[in-house]
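For reference, the structure discussed in these notes is given below.
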Amino acid sequence: GQQLNQSPQSMFIQEGEDVSMNCTSSSIFNTWLWYKQDPGEGPVLLIALYKAGELTSNGRLTAQFGTTRKDSFLNISASIPSDVGIYFCVGGSNYKLTFGKGTLLTVNP
Amino acid sequence: EAGVTQFPSHSVIEKGQTVTLRCDPISGHDNLYWYRRVMGKEIKFLLHFVKESKQDESGMPNNRFLAERTGGTYSTLKVQPAELEDSGVYFCASSQSFGDTNYGYTFGSGTRLTVV
């Protein structure tokens, strides 16, 4: 089946630092998405990317859909304590979501 | 609007018992999805309802799992009999039909199932 390789698995950063995480796949996806999960909650959509090469921002978050449709990165600038959580890259195809394993982000105040 | 609601939030059952999870989607959302995350693994797709019909159940692990959505409103996912490897977090999500291609799914908080 389709698999996404997400890295890094975890990150420990200081408040104010920038952070970057990325995802690759052996399969092509129609849509790439980035979700965030807070403890005890379900995943929440952060950014959706629909076109190869697309670069999209949402506040301090920036994500890009790779030109081959097989990769994506997410950047968070000027991190704050509430950025802590698990970030998932997700490939979308035929109404079905394929999740990466997630990146656990810890922000030290 | 109310979000996607899942009951119970936690369930601990013994191997061999039956458990039924419930999901109430956002009102008016025709599409309902079940996903689960077992320990150390990715969140994986189980199945997709469009109203009361099963659109795709390719992710259901075996015939011990039965999902229903009578009347096209809430959905239940029954595991009978439960096995140890069924432990994990079961998520439900919903979306409006015209928004599907945007993948703007709203997820519930999940049901944490522990089989002992």
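Starting from 1 in every chain, residues are counted up; chains themselves are A, B, ... following the order of the structure tokens, and ligands are numbered from 1 as listed.
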Item to check | Test item: chain A residues at most 8 Å from chain B, counting only C-alpha atoms, as a list of chain:residue names | outcome: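 Listing them in order of chain and number gives A:Gly40, A:Glu41, A:Gly42, A:Pro43, A:Val44, A:Leu45, A:Ala48, A:Gly92, A:Tyr95, A:Lys96, A:Leu97, A:Thr98, A:Phe99, A:Gly100, A:Lys101, A:Gly102.
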Could you save the residues just selected, with C-alpha atoms, as a PDB file, in the first residue's frame?
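Saved as part.pdb:
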```pdb
ATOM      1  CA  GLY A  40      -6.419  13.983  23.605  1.00  0.00           C
ATOM      2  CA  GLU A  41      -7.769  15.493  20.428  1.00  0.00           C
ATOM      3  CA  GLY A  42      -8.200  14.432  16.833  1.00  0.00           C
ATOM      4  CA  PRO A  43      -6.056  15.694  13.948  1.00  0.00           C
ATOM      5  CA  VAL A  44      -6.816  19.211  12.748  1.00  0.00           C
ATOM      6  CA  LEU A  45      -6.088  20.403   9.223  1.00  0.00           C
ATOM      7  CA  ALA A  48      -3.847  21.767   2.126  1.00  0.00           C
ATOM      8  CA  GLY A  92      -5.029  12.514  -0.215  1.00  0.00           C
ATOM      9  CA  TYR A  95     -11.299  10.549  -0.634  1.00  0.00           C
ATOM     10  CA  LYS A  96      -8.847   8.470   1.376  1.00  0.00           C
ATOM     11  CA  LEU A  97      -6.106   9.918   3.585  1.00  0.00           C
ATOM     12  CA  THR A  98      -2.709   8.256   3.964  1.00  0.00           C
ATOM     13  CA  PHE A  99      -0.898   9.457   7.079  1.00  0.00           C
ATOM     14  CA  GLY A 100       2.781   9.646   7.843  1.00  0.00           C
ATOM     15  CA  LYS A 101       3.933   8.465  11.277  1.00  0.00           C
ATOM     16  CA  GLY A 102       4.094  12.002  12.561  1.00  0.00           C
TER      17      GLY A 102
END
```
Checklist entry - Where does DSSP see strand (DSSP E or B) in chain A, if you list the residues as a VMD selection string? => result chain A and resid 4 to 7 10 to 14 19 to 25 31 to 37 44 to 49 55 to 58 61 to 65 71 to 76 85 to 93 96 to 99 103 to 108
Checklist entry - Do you have the atom CA of B:Gln96-atom CA of A:Thr103 distance handy? => result 28.7 Å
Next on the checklist: as number ranges by chain, please: the residues near B:Gly28 (cut-off 10 Å, only C-alpha atoms, same-chain neighbours under 4 positions excluded).
Outcome noted: B: 51, 72-73, 94-97
So which residues touch B:Asn62 within 10 Å, counting only C-alpha atoms, skipping near sequence neighbours fewer than 4 positions away, as an mmCIF file with N, CA and C atoms, in the first residue's frame?
```cif
data_model
loop_
_atom_site.group_PDB
_atom_site.id
_atom_site.type_symbol
_atom_site.label_atom_id
_atom_site.label_comp_id
_atom_site.auth_asym_id
_atom_site.auth_seq_id
_atom_site.Cartn_x
_atom_site.Cartn_y
_atom_site.Cartn_z
ATOM 1 N N SER B 58 -12.223 -0.908 2.219
ATOM 2 C CA SER B 58 -10.994 -1.640 1.936
ATOM 3 C C SER B 58 -10.020 -1.688 3.107
ATOM 4 N N LEU B 66 -17.404 -4.563 12.285
ATOM 5 C CA LEU B 66 -18.628 -4.285 11.556
ATOM 6 C C LEU B 66 -19.016 -2.838 11.768
ATOM 7 N N VAL B 79 -16.610 -4.261 17.331
ATOM 8 C CA VAL B 79 -15.520 -5.222 17.259
ATOM 9 C C VAL B 79 -15.949 -6.444 18.076
#
```
Checklist entry - In Å to one decimal, how far is atom CA of A:Thr106 from atom CA of A:Ala78? => result 13.4 Å
Checklist entry - Neighbours of A:Thr56 within 12 Å (only C-alpha atoms; same-chain residues fewer than 5 positions away dropped), as a PyMOL selection string? => result chain A and resi 32-34+46-51+61-66+72-75
Can you write out the residues you just picked, keeping N, CA, C and O atoms, as a PDB file, in the first residue's frame?
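Listed below is the output, again-v4.pdb:
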```pdb
ATOM      1  N   TRP A  32      -1.716  17.051  -0.980  1.00  0.00           N
ATOM      2  CA  TRP A  32      -0.911  16.868   0.221  1.00  0.00           C
ATOM      3  C   TRP A  32      -1.483  17.780   1.300  1.00  0.00           C
ATOM      4  O   TRP A  32      -1.873  18.911   1.022  1.00  0.00           O
ATOM      5  N   LEU A  33      -1.521  17.257   2.506  1.00  0.00           N
ATOM      6  CA  LEU A  33      -2.061  18.030   3.609  1.00  0.00           C
ATOM      7  C   LEU A  33      -1.140  17.896   4.814  1.00  0.00           C
ATOM      8  O   LEU A  33      -0.398  16.916   4.935  1.00  0.00           O
ATOM      9  N   TRP A  34      -1.217  18.861   5.674  1.00  0.00           N
ATOM     10  CA  TRP A  34      -0.529  18.804   6.959  1.00  0.00           C
ATOM     11  C   TRP A  34      -1.567  18.980   8.057  1.00  0.00           C
ATOM     12  O   TRP A  34      -2.352  19.938   8.044  1.00  0.00           O
ATOM     13  N   LEU A  46      -4.138  21.833   8.978  1.00  0.00           N
ATOM     14  CA  LEU A  46      -3.384  23.093   9.014  1.00  0.00           C
ATOM     15  C   LEU A  46      -3.317  23.724   7.626  1.00  0.00           C
ATOM     16  O   LEU A  46      -3.593  24.903   7.452  1.00  0.00           O
ATOM     17  N   ILE A  47      -2.859  22.945   6.680  1.00  0.00           N
ATOM     18  CA  ILE A  47      -2.643  23.448   5.320  1.00  0.00           C
ATOM     19  C   ILE A  47      -2.966  22.336   4.340  1.00  0.00           C
ATOM     20  O   ILE A  47      -2.644  21.173   4.574  1.00  0.00           O
ATOM     21  N   ALA A  48      -3.568  22.702   3.212  1.00  0.00           N
ATOM     22  CA  ALA A  48      -3.847  21.767   2.126  1.00  0.00           C
ATOM     23  C   ALA A  48      -3.186  22.286   0.851  1.00  0.00           C
ATOM     24  O   ALA A  48      -3.224  23.487   0.565  1.00  0.00           O
ATOM     25  N   LEU A  49      -2.578  21.378   0.100  1.00  0.00           N
ATOM     26  CA  LEU A  49      -1.868  21.710  -1.130  1.00  0.00           C
ATOM     27  C   LEU A  49      -2.451  20.892  -2.262  1.00  0.00           C
ATOM     28  O   LEU A  49      -2.571  19.662  -2.156  1.00  0.00           O
ATOM     29  N   TYR A  50      -2.798  21.562  -3.371  1.00  0.00           N
ATOM     30  CA  TYR A  50      -3.522  20.884  -4.432  1.00  0.00           C
ATOM     31  C   TYR A  50      -2.768  20.802  -5.752  1.00  0.00           C
ATOM     32  O   TYR A  50      -3.113  19.989  -6.616  1.00  0.00           O
ATOM     33  N   LYS A  51      -1.754  21.666  -5.926  1.00  0.00           N
ATOM     34  CA  LYS A  51      -1.052  21.690  -7.207  1.00  0.00           C
ATOM     35  C   LYS A  51       0.428  21.427  -6.995  1.00  0.00           C
ATOM     36  O   LYS A  51       1.033  21.944  -6.044  1.00  0.00           O
ATOM     37  N   LEU A  61       2.971  29.300   9.385  1.00  0.00           N
ATOM     38  CA  LEU A  61       3.198  28.024   8.712  1.00  0.00           C
ATOM     39  C   LEU A  61       3.325  28.217   7.206  1.00  0.00           C
ATOM     40  O   LEU A  61       2.580  28.987   6.602  1.00  0.00           O
ATOM     41  N   THR A  62       4.285  27.522   6.627  1.00  0.00           N
ATOM     42  CA  THR A  62       4.464  27.514   5.180  1.00  0.00           C
ATOM     43  C   THR A  62       4.674  26.081   4.747  1.00  0.00           C
ATOM     44  O   THR A  62       5.453  25.352   5.366  1.00  0.00           O
ATOM     45  N   ALA A  63       3.987  25.675   3.684  1.00  0.00           N
ATOM     46  CA  ALA A  63       4.132  24.311   3.180  1.00  0.00           C
ATOM     47  C   ALA A  63       4.239  24.346   1.669  1.00  0.00           C
ATOM     48  O   ALA A  63       3.712  25.259   1.010  1.00  0.00           O
ATOM     49  N   GLN A  64       4.937  23.364   1.122  1.00  0.00           N
ATOM     50  CA  GLN A  64       5.065  23.263  -0.328  1.00  0.00           C
ATOM     51  C   GLN A  64       4.777  21.844  -0.782  1.00  0.00           C
ATOM     52  O   GLN A  64       5.147  20.868  -0.127  1.00  0.00           O
ATOM     53  N   PHE A  65       4.154  21.747  -1.925  1.00  0.00           N
ATOM     54  CA  PHE A  65       3.832  20.492  -2.594  1.00  0.00           C
ATOM     55  C   PHE A  65       4.926  20.290  -3.643  1.00  0.00           C
ATOM     56  O   PHE A  65       5.110  21.107  -4.527  1.00  0.00           O
ATOM     57  N   GLY A  66       5.672  19.215  -3.544  1.00  0.00           N
ATOM     58  CA  GLY A  66       6.779  18.983  -4.452  1.00  0.00           C
ATOM     59  C   GLY A  66       6.341  18.851  -5.911  1.00  0.00           C
ATOM     60  O   GLY A  66       5.224  18.429  -6.204  1.00  0.00           O
ATOM     61  N   SER A  72       6.677  16.772   0.279  1.00  0.00           N
ATOM     62  CA  SER A  72       6.189  18.046   0.802  1.00  0.00           C
ATOM     63  C   SER A  72       6.993  18.412   2.038  1.00  0.00           C
ATOM     64  O   SER A  72       7.554  17.534   2.708  1.00  0.00           O
ATOM     65  N   PHE A  73       7.088  19.703   2.317  1.00  0.00           N
ATOM     66  CA  PHE A  73       7.689  20.131   3.583  1.00  0.00           C
ATOM     67  C   PHE A  73       6.771  21.129   4.268  1.00  0.00           C
ATOM     68  O   PHE A  73       5.933  21.779   3.640  1.00  0.00           O
ATOM     69  N   LEU A  74       6.969  21.212   5.586  1.00  0.00           N
ATOM     70  CA  LEU A  74       6.239  22.182   6.401  1.00  0.00           C
ATOM     71  C   LEU A  74       7.250  22.961   7.222  1.00  0.00           C
ATOM     72  O   LEU A  74       8.099  22.361   7.885  1.00  0.00           O
ATOM     73  N   ASN A  75       7.191  24.272   7.168  1.00  0.00           N
ATOM     74  CA  ASN A  75       8.026  25.130   7.998  1.00  0.00           C
ATOM     75  C   ASN A  75       7.148  25.884   8.986  1.00  0.00           C
ATOM     76  O   ASN A  75       6.074  26.383   8.626  1.00  0.00           O
TER      77      ASN A  75
END
```
Item to check | Nearest candidate to A:Pro109 (options A:Asn58, A:Gln14, A:Ser27, A:Asn94; using only C-alpha atoms) | outcome: A:Gln14
